[in-house]
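S.K.: Attaching a single structure in structure tokens format; questions to follow.
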Amino acid sequence: MSILTEILAAALGTLRDVLPIAVVLLGFQLLVLRRNIPNLRRLAAGFAYVLVGLTLFLVGLQDALFPLGETMAEQLTSLRMGAGGPGIWLDYGWVYAFAAAIGFATTVAEPALIAVSLKAQDVSGGAISARGLRIAVAVGVAAGVALGAFRIVTGTPLPYYIIAGYAVVVLQTVYCKKEIVPLAFDSGGVTTSTVTVPIVTALGLGLASAIPGRSPLLDGFGLIAFASLFPIISVMGYAVAAERMGRAGPRGATKEEAP
Amino acid sequence: METPTERNAHLRDLVARGHALLRICTGSFRDLVPIIVVVAFFQIVVLQQPFPNLERIVVGLVFVVVGLSLFVQGLQIGLFPLGESMAHAFARKGSLIALLAFAFCLGFGTTVAEPALIAVAAKAGEVAGAAGFIGDTESSRSTYALQLRLTVAVSVGVALVLGVFRILKGWPVHYLIIGGYLLVILMTGFAPPEIVGIAYDSGGVTTSTITVPLVAALGVGLATVIRGRTPLLDGFGLIAFASLTPIIFVLVFGMAV
């Protein structure tokens, strides 16, 4: 019975969330553009799908995605690697391993990333291999999320990491080929799919509340920021490295001859 | 009454729609598989502990997959075609005010309903309440979450207005983005530390399910109408702004609350 009331409550909230879009689109269509609504039945069906879908997603969010991240954080922090006392960051090795594994696994097969890396292969004239780029980005995200977990464990300030990351991005933007830059920025969004975001958020908050001396509000957020910053760095880094190596090696010579 | 051919057409439409739904369902399930594999590996090999409430989580995951699939399918059959045709119509109409107003409303409206943002905002409200940063009641938590979402939604609206303006004026995108990052760094120094993490995370959350396709449609629509603009570069500019302004606006929100 409780799941029914949960669904009903979520449905009401969803209606409030989706109504603004409907009002915006219909208002502009009827009042500003002064056109009729084409395919009214399809539109109504679409809205019904959106309402039901978002409602179910929100119920699943509370019942599955959040608890999944929290439980993993709780169980992993209770499993210390060393025998040392609290506050020794090396003790939390399994936490970093899990963070890296989640980062790598959710990135490497992401369709948006596959599209981006194929485009990069085209733009670079083959100097950048699509597969190499995909793995580079996935490793980058893995390192990013693990570093984010390390930051939560040690409680060091988030702005230092992010500012350092931005500085690297700005430097790379200067050195990188112009065509790669938009692709790199696009790839920043690929790791943050709708399923990944809640789990990673809950993981960070769970870590911050399980580790003594950390506050969820001050230390728990930031994993998503790491996960969207590191792909940018690794795409441009890989592009620059691939160009350099391509120019030095025999493959670079054949590229030179191509039109 | 429907003639048999009409009924056939309806039937075919229904089958096609079912196929599309099934394809999207496997798509959202595919998003979930790597997570399930990693969690299962750590549970079985490393932790070797019983997982609490496993049945509830499995049921919840089914809800997530089905819900997300219906959501995306609904957007594709209803909202995206309308939004795209309107983006093209406004780009061609030539009225700057109407175009900017539409860009703002598009950014605002699509971000308010972004599922990932709803999730992060709900958690932020919960955590802020538990830490005594705001009052720890159900209503103050949900108010905080709603304010946060509205802040991010306004910021994405502003990002689109800025982005459209940039496309029209032909300003180079790099300077604006580097300037935006510098502003973020500067403001981080003044913002309360409680908001910084939430602010940085909200930048990565907005570029997700609903916003990107509609925003890209607006960028491409504009770029095809104005001569000398490339769709790839200009659509990209809008999305890059949409992940930068939320950070700035949420930092301001943190200073104001």
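Identifiers for the structure tokens are assigned positionally: chains receive A, B, ... in sequence, residues are indexed from 1 per chain, and ligands are indexed from 1 in the order shown.
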Do you know which residues are at most 12 Å from A:Met236 counting only C-alpha atoms, after dropping those on the same chain fewer than 4 positions away, and could you put them as a PyMOL selection string?
M.R.: chain A and resi 117+120+124+128+133+136-137+140+168-188+229-232+240-243
S.K.: Considering only C-alpha atoms, extract the chain B residues located within 6 Å of chain A and return them as a ChimeraX atom specification.
M.R.: /B:34,57,60-61,63-64,67-68,70-71,74,77-78,109,113,116,119,127,194,197-198,200-201,204,207
S.K.: Compile the contact shell of B:Arg149 as a list in words: residues with an atom at most 7 Å away, counting only C-alpha atoms, same-chain residues fewer than 6 positions apart removed.
M.R.: Val112, Leu117 and Ala121 of chain B
S.K.: Would you mind telling me which residue in B:Pro172, B:Leu244, B:Phe190, B:Ser69 lies nearest to B:Gly18 when using only C-alpha atoms?
M.R.: B:Ser69
S.K.: What's the 9 Å shell around B:Thr111, counting only C-alpha atoms, without same-chain residues fewer than 4 positions away, as a list in words?
M.R.: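 Returned residues: Leu106, Gly107, Pro115, Leu117, Arg149, Leu150, Val152, Ala153, Val154, Val156, Gly157, Thr206, Ile210 and Thr211 of chain B.
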